[in-house]
$ cat protein.pdb   # PDB, C-alpha atoms, pLDDT in the B column
ATOM      1  CA  MET A   1      31.842  47.276  28.634  1.00 50.00           C
ATOM      2  CA  THR A   2      28.971  49.405  27.404  1.00 57.00           C
ATOM      3  CA  GLY A   3      30.111  49.005  23.842  1.00 62.00           C
ATOM      4  CA  LYS A   4      30.085  45.256  24.211  1.00 66.00           C
ATOM      5  CA  HIS A   5      26.555  45.378  25.553  1.00 66.00           C
ATOM      6  CA  ILE A   6      25.372  47.472  22.672  1.00 64.00           C
ATOM      7  CA  ALA A   7      27.016  45.110  20.232  1.00 74.00           C
ATOM      8  CA  ARG A   8      25.250  42.175  21.829  1.00 73.00           C
ATOM      9  CA  ARG A   9      21.951  44.000  21.745  1.00 71.00           C
ATOM     10  CA  SER A  10      22.266  44.855  18.078  1.00 74.00           C
ATOM     11  CA  LEU A  11      23.256  41.295  17.309  1.00 66.00           C
ATOM     12  CA  LEU A  12      20.172  40.052  19.137  1.00 67.00           C
ATOM     13  CA  LYS A  13      18.017  42.539  17.262  1.00 70.00           C
ATOM     14  CA  TRP A  14      19.514  41.407  14.008  1.00 67.00           C
ATOM     15  CA  LEU A  15      18.992  37.755  14.874  1.00 62.00           C
ATOM     16  CA  SER A  16      15.384  38.299  15.923  1.00 66.00           C
ATOM     17  CA  GLY A  17      14.803  40.145  12.675  1.00 61.00           C
ATOM     18  CA  LEU A  18      16.276  37.239  10.760  1.00 54.00           C
ATOM     19  CA  PHE A  19      14.105  34.848  12.714  1.00 55.00           C
ATOM     20  CA  CYS A  20      11.002  36.786  11.819  1.00 51.00           C
ATOM     21  CA  LEU A  21      11.976  36.991   8.159  1.00 50.00           C
ATOM     22  CA  SER A  22      12.778  33.309   7.941  1.00 51.00           C
ATOM     23  CA  ALA A  23       9.330  32.540   9.280  1.00 51.00           C
ATOM     24  CA  PHE A  24       7.828  33.958   6.085  1.00 48.00           C
ATOM     25  CA  PRO A  25      10.405  33.426   3.375  1.00 45.00           C
ATOM     26  CA  LEU A  26       9.590  35.757   0.500  1.00 47.00           C
ATOM     27  CA  ARG A  27       6.009  35.946   1.617  1.00 50.00           C
ATOM     28  CA  ALA A  28       5.884  39.498   2.891  1.00 52.00           C
ATOM     29  CA  GLN A  29       4.358  41.446   0.030  1.00 53.00           C
ATOM     30  CA  PRO A  30       5.598  44.749  -1.290  1.00 51.00           C
ATOM     31  CA  ALA A  31       3.279  47.621  -0.412  1.00 51.00           C
ATOM     32  CA  ASP A  32       1.832  48.068  -3.895  1.00 63.00           C
ATOM     33  CA  THR A  33       0.551  44.520  -4.296  1.00 72.00           C
ATOM     34  CA  LEU A  34      -2.585  45.530  -2.457  1.00 87.00           C
ATOM     35  CA  SER A  35      -3.642  47.705  -5.389  1.00 88.00           C
ATOM     36  CA  ALA A  36      -3.557  44.620  -7.613  1.00 89.00           C
ATOM     37  CA  ARG A  37      -5.674  42.820  -5.030  1.00 90.00           C
ATOM     38  CA  VAL A  38      -8.129  45.689  -4.937  1.00 92.00           C
ATOM     39  CA  ASP A  39      -8.404  45.721  -8.728  1.00 91.00           C
ATOM     40  CA  GLU A  40      -9.049  41.984  -8.698  1.00 89.00           C
ATOM     41  CA  LEU A  41     -11.794  42.545  -6.174  1.00 90.00           C
ATOM     42  CA  THR A  42     -13.488  45.474  -7.834  1.00 91.00           C
ATOM     43  CA  GLY A  43     -12.887  44.498 -11.425  1.00 90.00           C
ATOM     44  CA  GLY A  44     -10.935  47.690 -12.005  1.00 88.00           C
ATOM     45  CA  GLN A  45     -13.653  49.992 -10.698  1.00 91.00           C
ATOM     46  CA  THR A  46     -12.673  53.032  -8.712  1.00 92.00           C
ATOM     47  CA  VAL A  47     -12.756  52.772  -4.963  1.00 94.00           C
ATOM     48  CA  THR A  48     -13.770  55.930  -3.134  1.00 94.00           C
ATOM     49  CA  THR A  49     -12.361  56.652   0.287  1.00 95.00           C
ATOM     50  CA  GLY A  50     -15.047  57.071   2.891  1.00 93.00           C
ATOM     51  CA  ARG A  51     -18.223  55.568   4.363  1.00 95.00           C
ATOM     52  CA  VAL A  52     -16.209  52.628   5.733  1.00 96.00           C
ATOM     53  CA  VAL A  53     -14.851  52.864   9.265  1.00 97.00           C
ATOM     54  CA  VAL A  54     -12.317  50.369  10.593  1.00 97.00           C
ATOM     55  CA  ASP A  55     -12.295  50.615  14.337  1.00 96.00           C
ATOM     56  CA  THR A  56      -9.432  48.896  16.086  1.00 96.00           C
ATOM     57  CA  PRO A  57      -7.018  49.683  18.893  1.00 95.00           C
ATOM     58  CA  ARG A  58      -4.264  52.030  17.736  1.00 94.00           C
ATOM     59  CA  LEU A  59      -1.777  49.829  19.542  1.00 94.00           C
ATOM     60  CA  ALA A  60      -2.170  46.074  19.572  1.00 92.00           C
ATOM     61  CA  ASP A  61       0.038  44.317  22.078  1.00 89.00           C
ATOM     62  CA  ASN A  62      -0.473  41.000  20.439  1.00 90.00           C
ATOM     63  CA  GLY A  63      -0.868  40.434  16.724  1.00 92.00           C
ATOM     64  CA  HIS A  64      -2.413  37.013  17.228  1.00 93.00           C
ATOM     65  CA  SER A  65      -5.771  38.463  18.078  1.00 94.00           C
ATOM     66  CA  VAL A  66      -6.674  42.060  17.352  1.00 96.00           C
ATOM     67  CA  PRO A  67     -10.306  43.126  17.773  1.00 96.00           C
ATOM     68  CA  MET A  68     -11.650  44.887  14.708  1.00 97.00           C
ATOM     69  CA  ARG A  69     -14.986  46.564  14.021  1.00 97.00           C
ATOM     70  CA  LEU A  70     -15.961  47.222  10.433  1.00 97.00           C
ATOM     71  CA  SER A  71     -18.862  49.557   9.920  1.00 96.00           C
ATOM     72  CA  VAL A  72     -20.266  51.120   6.778  1.00 97.00           C
ATOM     73  CA  ASP A  73     -22.417  54.212   6.558  1.00 96.00           C
ATOM     74  CA  SER A  74     -25.440  52.811   4.749  1.00 95.00           C
ATOM     75  CA  PRO A  75     -29.219  53.000   5.262  1.00 94.00           C
ATOM     76  CA  MET A  76     -29.381  49.207   4.694  1.00 95.00           C
ATOM     77  CA  THR A  77     -32.641  49.299   2.752  1.00 94.00           C
ATOM     78  CA  ALA A  78     -33.583  46.968  -0.092  1.00 94.00           C
ATOM     79  CA  GLN A  79     -32.559  49.676  -2.577  1.00 94.00           C
ATOM     80  CA  ASP A  80     -29.369  50.791  -0.861  1.00 95.00           C
ATOM     81  CA  HIS A  81     -27.375  48.383   1.235  1.00 96.00           C
ATOM     82  CA  VAL A  82     -23.933  46.863   1.665  1.00 97.00           C
ATOM     83  CA  ARG A  83     -23.322  43.659  -0.261  1.00 96.00           C
ATOM     84  CA  SER A  84     -19.947  42.728   1.128  1.00 97.00           C
ATOM     85  CA  ILE A  85     -17.045  43.958   3.186  1.00 97.00           C
ATOM     86  CA  THR A  86     -13.545  42.722   2.365  1.00 97.00           C
ATOM     87  CA  LEU A  87     -10.635  43.024   4.736  1.00 97.00           C
ATOM     88  CA  LEU A  88      -7.152  43.314   3.230  1.00 96.00           C
ATOM     89  CA  SER A  89      -3.750  43.419   4.861  1.00 95.00           C
ATOM     90  CA  PRO A  90      -0.632  44.899   3.228  1.00 94.00           C
ATOM     91  CA  ARG A  91       1.748  42.953   5.456  1.00 92.00           C
ATOM     92  CA  ASN A  92       0.221  39.597   6.232  1.00 92.00           C
ATOM     93  CA  PRO A  93       1.506  36.637   4.209  1.00 92.00           C
ATOM     94  CA  ARG A  94      -1.986  36.361   2.752  1.00 93.00           C
ATOM     95  CA  ALA A  95      -3.450  39.732   1.847  1.00 94.00           C
ATOM     96  CA  LEU A  96      -7.084  38.617   1.824  1.00 95.00           C
ATOM     97  CA  MET A  97      -8.014  38.275   5.461  1.00 96.00           C
ATOM     98  CA  ALA A  98     -11.731  37.800   5.184  1.00 97.00           C
ATOM     99  CA  ARG A  99     -14.789  38.658   3.178  1.00 97.00           C
ATOM    100  CA  PHE A 100     -18.193  39.133   4.759  1.00 97.00           C
ATOM    101  CA  TYR A 101     -21.437  39.103   2.828  1.00 97.00           C
ATOM    102  CA  LEU A 102     -24.497  40.808   4.191  1.00 94.00           C
ATOM    103  CA  GLY A 103     -27.679  42.281   2.849  1.00 92.00           C
ATOM    104  CA  ALA A 104     -30.599  44.542   3.583  1.00 93.00           C
ATOM    105  CA  SER A 105     -31.763  42.048   6.219  1.00 93.00           C
ATOM    106  CA  ALA A 106     -28.812  43.007   8.406  1.00 95.00           C
ATOM    107  CA  GLY A 107     -30.369  46.333   9.360  1.00 94.00           C
ATOM    108  CA  ARG A 108     -26.992  47.721  10.295  1.00 95.00           C
ATOM    109  CA  ALA A 109     -23.761  47.313   8.355  1.00 96.00           C
ATOM    110  CA  GLU A 110     -21.390  46.447  11.130  1.00 97.00           C
ATOM    111  CA  ILE A 111     -19.198  43.414  11.726  1.00 97.00           C
ATOM    112  CA  VAL A 112     -16.898  42.737  14.634  1.00 98.00           C
ATOM    113  CA  THR A 113     -14.212  40.073  14.555  1.00 97.00           C
ATOM    114  CA  ARG A 114     -10.674  39.381  15.695  1.00 97.00           C
ATOM    115  CA  VAL A 115      -7.818  39.302  13.240  1.00 96.00           C
ATOM    116  CA  ARG A 116      -4.197  38.244  13.023  1.00 95.00           C
ATOM    117  CA  LEU A 117      -1.680  40.927  12.098  1.00 95.00           C
ATOM    118  CA  ASN A 118       1.879  40.282  11.013  1.00 92.00           C
ATOM    119  CA  GLY A 119       3.334  43.526  12.293  1.00 91.00           C
ATOM    120  CA  THR A 120       2.493  47.210  12.191  1.00 94.00           C
ATOM    121  CA  GLN A 121       0.400  48.067   9.165  1.00 94.00           C
ATOM    122  CA  THR A 122      -2.552  49.941   7.727  1.00 95.00           C
ATOM    123  CA  VAL A 123      -5.450  47.572   7.270  1.00 96.00           C
ATOM    124  CA  LEU A 124      -7.792  48.243   4.366  1.00 96.00           C
ATOM    125  CA  ALA A 125     -11.515  47.462   4.282  1.00 96.00           C
ATOM    126  CA  ILE A 126     -13.506  47.690   1.073  1.00 96.00           C
ATOM    127  CA  ALA A 127     -17.288  47.708   0.996  1.00 97.00           C
ATOM    128  CA  GLU A 128     -19.299  46.809  -2.068  1.00 96.00           C
ATOM    129  CA  MET A 129     -22.664  48.552  -2.172  1.00 96.00           C
ATOM    130  CA  SER A 130     -25.850  47.328  -3.797  1.00 95.00           C
ATOM    131  CA  ASP A 131     -25.479  50.032  -6.474  1.00 94.00           C
ATOM    132  CA  GLY A 132     -22.136  48.524  -7.490  1.00 94.00           C
ATOM    133  CA  THR A 133     -19.914  51.235  -6.037  1.00 95.00           C
ATOM    134  CA  PHE A 134     -16.910  50.521  -3.833  1.00 96.00           C
ATOM    135  CA  TRP A 135     -15.918  52.426  -0.734  1.00 96.00           C
ATOM    136  CA  SER A 136     -12.928  51.996   1.490  1.00 96.00           C
ATOM    137  CA  GLY A 137     -11.635  52.772   4.933  1.00 96.00           C
ATOM    138  CA  THR A 138      -8.329  52.153   6.652  1.00 96.00           C
ATOM    139  CA  ALA A 139      -6.944  51.814  10.135  1.00 95.00           C
ATOM    140  CA  GLU A 140      -3.352  51.990  11.213  1.00 95.00           C
ATOM    141  CA  VAL A 141      -2.445  49.430  13.822  1.00 95.00           C
ATOM    142  CA  GLU A 142       0.842  49.288  15.610  1.00 95.00           C
ATOM    143  CA  VAL A 143       1.615  45.709  16.543  1.00 93.00           C
ATOM    144  CA  THR A 144       4.131  45.085  19.307  1.00 89.00           C
ATOM    145  CA  GLU A 145       4.222  41.321  19.035  1.00 85.00           C
ATOM    146  CA  SER A 146       3.678  40.156  15.509  1.00 83.00           C
ATOM    147  CA  ALA A 147       1.603  37.075  14.792  1.00 79.00           C
ATOM    148  CA  CYS A 148       4.583  35.861  12.772  1.00 71.00           C
ATOM    149  CA  LEU A 149       6.520  35.039  15.928  1.00 60.00           C
ATOM    150  CA  ASP A 150       4.158  32.119  16.161  1.00 52.00           C
ATOM    151  CA  ALA A 151       5.974  30.446  13.294  1.00 48.00           C
ATOM    152  CA  GLY A 152       9.259  28.886  14.153  1.00 38.00           C
TER     153      GLY A 152
ATOM    154  CA  MET B   1     -16.130  21.635  17.065  1.00 72.00           C
ATOM    155  CA  VAL B   2     -17.622  23.571  19.893  1.00 90.00           C
ATOM    156  CA  ALA B   3     -19.414  26.800  19.150  1.00 95.00           C
ATOM    157  CA  ARG B   4     -21.444  29.269  21.103  1.00 96.00           C
ATOM    158  CA  VAL B   5     -24.086  31.643  19.825  1.00 96.00           C
ATOM    159  CA  GLN B   6     -25.337  34.625  21.733  1.00 96.00           C
ATOM    160  CA  LEU B   7     -28.706  36.186  20.948  1.00 96.00           C
ATOM    161  CA  PRO B   8     -30.914  38.546  22.913  1.00 95.00           C
ATOM    162  CA  ALA B   9     -33.231  36.653  25.275  1.00 93.00           C
ATOM    163  CA  SER B  10     -36.203  38.139  23.462  1.00 92.00           C
ATOM    164  CA  CYS B  11     -36.821  40.942  21.009  1.00 94.00           C
ATOM    165  CA  ARG B  12     -39.613  42.695  19.168  1.00 94.00           C
ATOM    166  CA  ALA B  13     -40.373  42.262  15.476  1.00 94.00           C
ATOM    167  CA  GLY B  14     -38.526  44.852  13.432  1.00 94.00           C
ATOM    168  CA  GLU B  15     -35.808  45.307  15.993  1.00 95.00           C
ATOM    169  CA  ILE B  16     -32.178  45.170  14.903  1.00 96.00           C
ATOM    170  CA  ILE B  17     -30.547  42.475  16.976  1.00 96.00           C
ATOM    171  CA  THR B  18     -26.901  41.619  17.552  1.00 97.00           C
ATOM    172  CA  VAL B  19     -25.739  38.090  16.797  1.00 97.00           C
ATOM    173  CA  ARG B  20     -22.486  36.824  18.271  1.00 97.00           C
ATOM    174  CA  LEU B  21     -20.724  33.593  17.439  1.00 97.00           C
ATOM    175  CA  VAL B  22     -17.545  31.974  18.692  1.00 97.00           C
ATOM    176  CA  ILE B  23     -16.231  28.701  17.292  1.00 97.00           C
ATOM    177  CA  GLN B  24     -13.482  26.709  18.934  1.00 96.00           C
ATOM    178  CA  HIS B  25     -11.007  26.194  16.105  1.00 96.00           C
ATOM    179  CA  PRO B  26      -7.203  26.634  15.862  1.00 95.00           C
ATOM    180  CA  MET B  27      -7.402  28.454  12.489  1.00 95.00           C
ATOM    181  CA  GLU B  28      -3.997  27.043  11.547  1.00 94.00           C
ATOM    182  CA  THR B  29      -2.171  29.481   9.298  1.00 93.00           C
ATOM    183  CA  GLY B  30       0.045  26.940   7.580  1.00 92.00           C
ATOM    184  CA  PHE B  31       3.126  28.942   8.597  1.00 90.00           C
ATOM    185  CA  ARG B  32       3.667  27.227  11.908  1.00 89.00           C
ATOM    186  CA  TYR B  33       5.933  24.301  12.673  1.00 90.00           C
ATOM    187  CA  ASP B  34       5.385  21.634  15.292  1.00 89.00           C
ATOM    188  CA  VAL B  35       8.015  20.426  17.784  1.00 92.00           C
ATOM    189  CA  ARG B  36       9.449  18.026  15.228  1.00 94.00           C
ATOM    190  CA  GLY B  37       9.925  20.787  12.698  1.00 91.00           C
ATOM    191  CA  ASN B  38       7.121  19.647  10.436  1.00 92.00           C
ATOM    192  CA  ARG B  39       4.958  22.318   8.928  1.00 92.00           C
ATOM    193  CA  VAL B  40       1.475  22.353  10.413  1.00 93.00           C
ATOM    194  CA  GLU B  41      -0.916  22.246   7.499  1.00 94.00           C
ATOM    195  CA  LYS B  42      -3.184  25.222   6.919  1.00 95.00           C
ATOM    196  CA  ASN B  43      -6.605  24.572   8.334  1.00 96.00           C
ATOM    197  CA  VAL B  44      -9.011  27.449   8.734  1.00 96.00           C
ATOM    198  CA  ILE B  45     -12.772  27.745   8.665  1.00 97.00           C
ATOM    199  CA  SER B  46     -13.009  29.009   5.129  1.00 95.00           C
ATOM    200  CA  GLN B  47     -16.771  29.195   4.726  1.00 96.00           C
ATOM    201  CA  LEU B  48     -19.458  30.083   7.206  1.00 97.00           C
ATOM    202  CA  THR B  49     -23.106  30.829   6.636  1.00 97.00           C
ATOM    203  CA  CYS B  50     -25.950  31.889   8.856  1.00 97.00           C
ATOM    204  CA  ARG B  51     -29.563  31.233   7.917  1.00 97.00           C
ATOM    205  CA  TYR B  52     -32.532  32.723   9.716  1.00 96.00           C
ATOM    206  CA  ASN B  53     -35.766  30.877   9.004  1.00 94.00           C
ATOM    207  CA  GLU B  54     -34.067  29.220   6.010  1.00 94.00           C
ATOM    208  CA  VAL B  55     -32.963  32.555   4.505  1.00 95.00           C
ATOM    209  CA  GLU B  56     -29.261  33.330   4.358  1.00 96.00           C
ATOM    210  CA  ILE B  57     -28.574  36.509   6.296  1.00 96.00           C
ATOM    211  CA  PHE B  58     -24.801  36.375   6.644  1.00 97.00           C
ATOM    212  CA  ARG B  59     -21.857  34.661   4.997  1.00 97.00           C
ATOM    213  CA  ALA B  60     -18.159  34.833   5.774  1.00 97.00           C
ATOM    214  CA  GLU B  61     -15.157  33.678   3.775  1.00 97.00           C
ATOM    215  CA  MET B  62     -12.212  33.628   6.095  1.00 97.00           C
ATOM    216  CA  GLY B  63      -8.488  33.095   5.674  1.00 95.00           C
ATOM    217  CA  SER B  64      -5.518  32.774   7.967  1.00 94.00           C
ATOM    218  CA  GLY B  65      -5.930  36.448   8.833  1.00 95.00           C
ATOM    219  CA  ILE B  66      -8.727  35.640  11.250  1.00 96.00           C
ATOM    220  CA  ALA B  67      -7.589  34.840  14.775  1.00 96.00           C
ATOM    221  CA  ALA B  68      -7.881  31.395  16.335  1.00 95.00           C
ATOM    222  CA  ASN B  69     -11.281  30.592  17.816  1.00 96.00           C
ATOM    223  CA  PRO B  70     -12.983  32.927  15.356  1.00 97.00           C
ATOM    224  CA  PHE B  71     -15.387  35.438  16.819  1.00 97.00           C
ATOM    225  CA  LEU B  72     -18.008  37.072  14.653  1.00 97.00           C
ATOM    226  CA  GLN B  73     -20.577  39.672  15.517  1.00 98.00           C
ATOM    227  CA  PHE B  74     -23.158  41.001  13.082  1.00 97.00           C
ATOM    228  CA  HIS B  75     -26.723  42.264  13.009  1.00 97.00           C
ATOM    229  CA  THR B  76     -30.040  41.219  11.601  1.00 97.00           C
ATOM    230  CA  ILE B  77     -33.600  42.456  11.729  1.00 96.00           C
ATOM    231  CA  ALA B  78     -35.856  40.257  13.865  1.00 95.00           C
ATOM    232  CA  ARG B  79     -38.915  39.208  11.866  1.00 93.00           C
ATOM    233  CA  GLN B  80     -40.483  36.228  13.587  1.00 93.00           C
ATOM    234  CA  SER B  81     -39.437  33.567  16.032  1.00 95.00           C
ATOM    235  CA  GLY B  82     -37.268  30.940  14.462  1.00 95.00           C
ATOM    236  CA  ASP B  83     -33.916  29.245  14.304  1.00 95.00           C
ATOM    237  CA  LEU B  84     -30.619  30.824  13.373  1.00 96.00           C
ATOM    238  CA  VAL B  85     -28.583  28.049  11.805  1.00 97.00           C
ATOM    239  CA  PHE B  86     -24.841  28.461  11.478  1.00 97.00           C
ATOM    240  CA  GLU B  87     -22.958  26.092   9.201  1.00 97.00           C
ATOM    241  CA  TRP B  88     -19.265  26.104   8.464  1.00 97.00           C
ATOM    242  CA  VAL B  89     -16.545  23.992   6.916  1.00 97.00           C
ATOM    243  CA  ASP B  90     -12.792  24.054   7.386  1.00 96.00           C
ATOM    244  CA  ASP B  91      -9.959  23.229   4.964  1.00 96.00           C
ATOM    245  CA  ARG B  92      -9.956  19.593   6.091  1.00 96.00           C
ATOM    246  CA  GLY B  93     -13.597  19.348   5.149  1.00 95.00           C
ATOM    247  CA  VAL B  94     -14.792  19.063   8.735  1.00 96.00           C
ATOM    248  CA  ARG B  95     -18.256  20.537   8.981  1.00 96.00           C
ATOM    249  CA  GLY B  96     -19.816  22.186  11.964  1.00 96.00           C
ATOM    250  CA  GLU B  97     -23.314  23.309  12.767  1.00 96.00           C
ATOM    251  CA  GLU B  98     -24.843  25.294  15.552  1.00 96.00           C
ATOM    252  CA  ARG B  99     -28.368  26.569  15.939  1.00 94.00           C
ATOM    253  CA  ALA B 100     -29.981  29.041  18.242  1.00 96.00           C
ATOM    254  CA  ARG B 101     -33.627  29.888  18.784  1.00 96.00           C
ATOM    255  CA  LEU B 102     -34.644  33.511  18.405  1.00 96.00           C
ATOM    256  CA  LEU B 103     -37.730  34.502  20.339  1.00 95.00           C
ATOM    257  CA  VAL B 104     -39.606  37.385  18.760  1.00 95.00           C
ATOM    258  CA  THR B 105     -42.562  38.983  20.506  1.00 92.00           C
ATOM    259  CA  GLU B 106     -45.035  41.064  18.533  1.00 80.00           C
ATOM    260  CA  ALA B 107     -44.095  44.696  18.030  1.00 66.00           C
TER     261      ALA B 107
END

$ encode --input "protein.pdb" --output "structure tokens"
Amino acid sequence: MTGKHIARRSLLKWLSGLFCLSAFPLRAQPADTLSARVDELTGGQTVTTGRVVVDTPRLADNGHSVPMRLSVDSPMTAQDHVRSITLLSPRNPRALMARFYLGASAGRAEIVTRVRLNGTQTVLAIAEMSDGTFWSGTAEVEVTESACLDAG
Amino acid sequence: MVARVQLPASCRAGEIITVRLVIQHPMETGFRYDVRGNRVEKNVISQLTCRYNEVEIFRAEMGSGIAANPFLQFHTIARQSGDLVFEWVDDRGVRGEERARLLVTEA
């Protein structure tokens, strides 16, 4: 009796997994494709970890809409400010989620938005400074209900 | 397209103010299927700009990774009273515009 139940459960799990996979046929990217994306973005320049903070709930119940705050430690003066912040996902079908351009007129380098996440992942934000350097920050988000369940 | 902008009721020159914007838009990913099994074409607001007294202060390039009814919050330094003009375009070429008046009192 119990064995039967377990078998049914595992079958359901397997089927739901298949369902999720079929929603994005061959679209889920291997983990290392992000580095290619980053190189494309920076033109091969080194990206230093730090100064960028990605603030998001550790656990997102729903991947359809996850609040996300991107902030960069910068004085935001005419000489030293953030030019752009790029948000990349290692697991979404499209790695480039968004790119925000700001300048010294912003006063504070902080952007809040809501994103879609296709499952548990570590989101990467890269900031381009006015001096041409690149800085990055990450946030790990556990997603209970992936945005990919939407497809199907 | 319906949009809503939130600005402080009034502010002083030199103050850093928070700008909030919500646009009613499905932000179709292109990975969804309708009831008939046809793929729903990708349609997201790909470009958005914000100008403050005719000077661009913020620009966003968005993809399917931004949730439906996109919400954006950013900051700017209040200089003088004037309009904040938001303009955007989606993949279908539908344009939207929203403006909000910023009231700046002298510092």

$ closest_residue --input "protein.pdb" --among "B:Arg79, B:His25, B:Arg59, B:Arg39" --to "B:Thr105" --atoms "all atoms listed in the file"
B:Arg79

$ residues_around --input "protein.pdb" --residues "stretch 101-103 of chain B" --least-positions-apart "5" --cutoff "8 Å" --atoms "only C-alpha atoms" --output "mmCIF file with C-alpha atoms, in the coordinates of the input"
data_model
loop_
_atom_site.group_PDB
_atom_site.id
_atom_site.type_symbol
_atom_site.label_atom_id
_atom_site.label_comp_id
_atom_site.auth_asym_id
_atom_site.auth_seq_id
_atom_site.Cartn_x
_atom_site.Cartn_y
_atom_site.Cartn_z
ATOM 1 C CA LEU B 7 -28.706 36.186 20.948
ATOM 2 C CA PRO B 8 -30.914 38.546 22.913
ATOM 3 C CA ALA B 9 -33.231 36.653 25.275
ATOM 4 C CA SER B 10 -36.203 38.139 23.462
ATOM 5 C CA CYS B 11 -36.821 40.942 21.009
ATOM 6 C CA GLN B 80 -40.483 36.228 13.587
ATOM 7 C CA SER B 81 -39.437 33.567 16.032
ATOM 8 C CA GLY B 82 -37.268 30.940 14.462
ATOM 9 C CA ASP B 83 -33.916 29.245 14.304
ATOM 10 C CA LEU B 84 -30.619 30.824 13.373
#

$ residues_around --input "protein.pdb" --residues "stretch 91-99 of chain A" --least-positions-apart "5" --cutoff "10 Å" --atoms "only C-alpha atoms" --output "PDB file with C-alpha atoms, in the frame of the given file"
ATOM      1  CA  PHE A  24       7.828  33.958   6.085  1.00 48.00           C
ATOM      2  CA  PRO A  25      10.405  33.426   3.375  1.00 45.00           C
ATOM      3  CA  LEU A  26       9.590  35.757   0.500  1.00 47.00           C
ATOM      4  CA  ARG A  27       6.009  35.946   1.617  1.00 50.00           C
ATOM      5  CA  ALA A  28       5.884  39.498   2.891  1.00 52.00           C
ATOM      6  CA  GLN A  29       4.358  41.446   0.030  1.00 53.00           C
ATOM      7  CA  PRO A  30       5.598  44.749  -1.290  1.00 51.00           C
ATOM      8  CA  ALA A  31       3.279  47.621  -0.412  1.00 51.00           C
ATOM      9  CA  THR A  33       0.551  44.520  -4.296  1.00 72.00           C
ATOM     10  CA  LEU A  34      -2.585  45.530  -2.457  1.00 87.00           C
ATOM     11  CA  ARG A  37      -5.674  42.820  -5.030  1.00 90.00           C
ATOM     12  CA  VAL A  38      -8.129  45.689  -4.937  1.00 92.00           C
ATOM     13  CA  SER A  84     -19.947  42.728   1.128  1.00 97.00           C
ATOM     14  CA  ILE A  85     -17.045  43.958   3.186  1.00 97.00           C
ATOM     15  CA  THR A  86     -13.545  42.722   2.365  1.00 97.00           C
ATOM     16  CA  THR A 113     -14.212  40.073  14.555  1.00 97.00           C
ATOM     17  CA  VAL A 115      -7.818  39.302  13.240  1.00 96.00           C
ATOM     18  CA  ARG A 116      -4.197  38.244  13.023  1.00 95.00           C
ATOM     19  CA  LEU A 117      -1.680  40.927  12.098  1.00 95.00           C
ATOM     20  CA  ASN A 118       1.879  40.282  11.013  1.00 92.00           C
ATOM     21  CA  GLY A 119       3.334  43.526  12.293  1.00 91.00           C
ATOM     22  CA  THR A 120       2.493  47.210  12.191  1.00 94.00           C
ATOM     23  CA  GLN A 121       0.400  48.067   9.165  1.00 94.00           C
ATOM     24  CA  THR A 122      -2.552  49.941   7.727  1.00 95.00           C
ATOM     25  CA  VAL A 123      -5.450  47.572   7.270  1.00 96.00           C
ATOM     26  CA  LEU A 124      -7.792  48.243   4.366  1.00 96.00           C
ATOM     27  CA  ALA A 125     -11.515  47.462   4.282  1.00 96.00           C
ATOM     28  CA  ILE A 126     -13.506  47.690   1.073  1.00 96.00           C
ATOM     29  CA  ALA A 127     -17.288  47.708   0.996  1.00 97.00           C
ATOM     30  CA  SER A 146       3.678  40.156  15.509  1.00 83.00           C
ATOM     31  CA  ALA A 147       1.603  37.075  14.792  1.00 79.00           C
ATOM     32  CA  CYS A 148       4.583  35.861  12.772  1.00 71.00           C
TER      33      CYS A 148
ATOM     34  CA  THR B  29      -2.171  29.481   9.298  1.00 93.00           C
ATOM     35  CA  PHE B  31       3.126  28.942   8.597  1.00 90.00           C
ATOM     36  CA  SER B  46     -13.009  29.009   5.129  1.00 95.00           C
ATOM     37  CA  GLN B  47     -16.771  29.195   4.726  1.00 96.00           C
ATOM     38  CA  ARG B  59     -21.857  34.661   4.997  1.00 97.00           C
ATOM     39  CA  ALA B  60     -18.159  34.833   5.774  1.00 97.00           C
ATOM     40  CA  GLU B  61     -15.157  33.678   3.775  1.00 97.00           C
ATOM     41  CA  MET B  62     -12.212  33.628   6.095  1.00 97.00           C
ATOM     42  CA  GLY B  63      -8.488  33.095   5.674  1.00 95.00           C
ATOM     43  CA  SER B  64      -5.518  32.774   7.967  1.00 94.00           C
ATOM     44  CA  GLY B  65      -5.930  36.448   8.833  1.00 95.00           C
ATOM     45  CA  ILE B  66      -8.727  35.640  11.250  1.00 96.00           C
ATOM     46  CA  ALA B  67      -7.589  34.840  14.775  1.00 96.00           C
TER      47      ALA B  67
END

$ resolve_selection --input "protein.pdb" --expression "the PyMOL selection byres ((chain B) within 12 of (chain A))" --output "MDAnalysis selection string"
chainID B and resid 14:23 26:40 42 44:52 55:79

$ axis_aligned_box --input "protein.pdb" --around "stretch 65-70 of chain B" --padding-each-side "3 Å" --output "AutoDock Vina command-line options"
--center_x -9.5 --center_y 33.5 --center_z 13.3 --size_x 13.1 --size_y 11.9 --size_z 15.0

$ atom_distance --input "protein.pdb" --atom1 "atom CA of B:Val2" --atom2 "atom CA of B:Gly93"
15.9 Å

$ atom_distance --input "protein.pdb" --atom1 "atom CA of A:Ala36" --atom2 "atom CA of A:Val143"
24.7 Å

$ atom_distance --input "protein.pdb" --atom1 "atom CA of B:Ala3" --atom2 "atom CA of B:Glu97"
8.3 Å
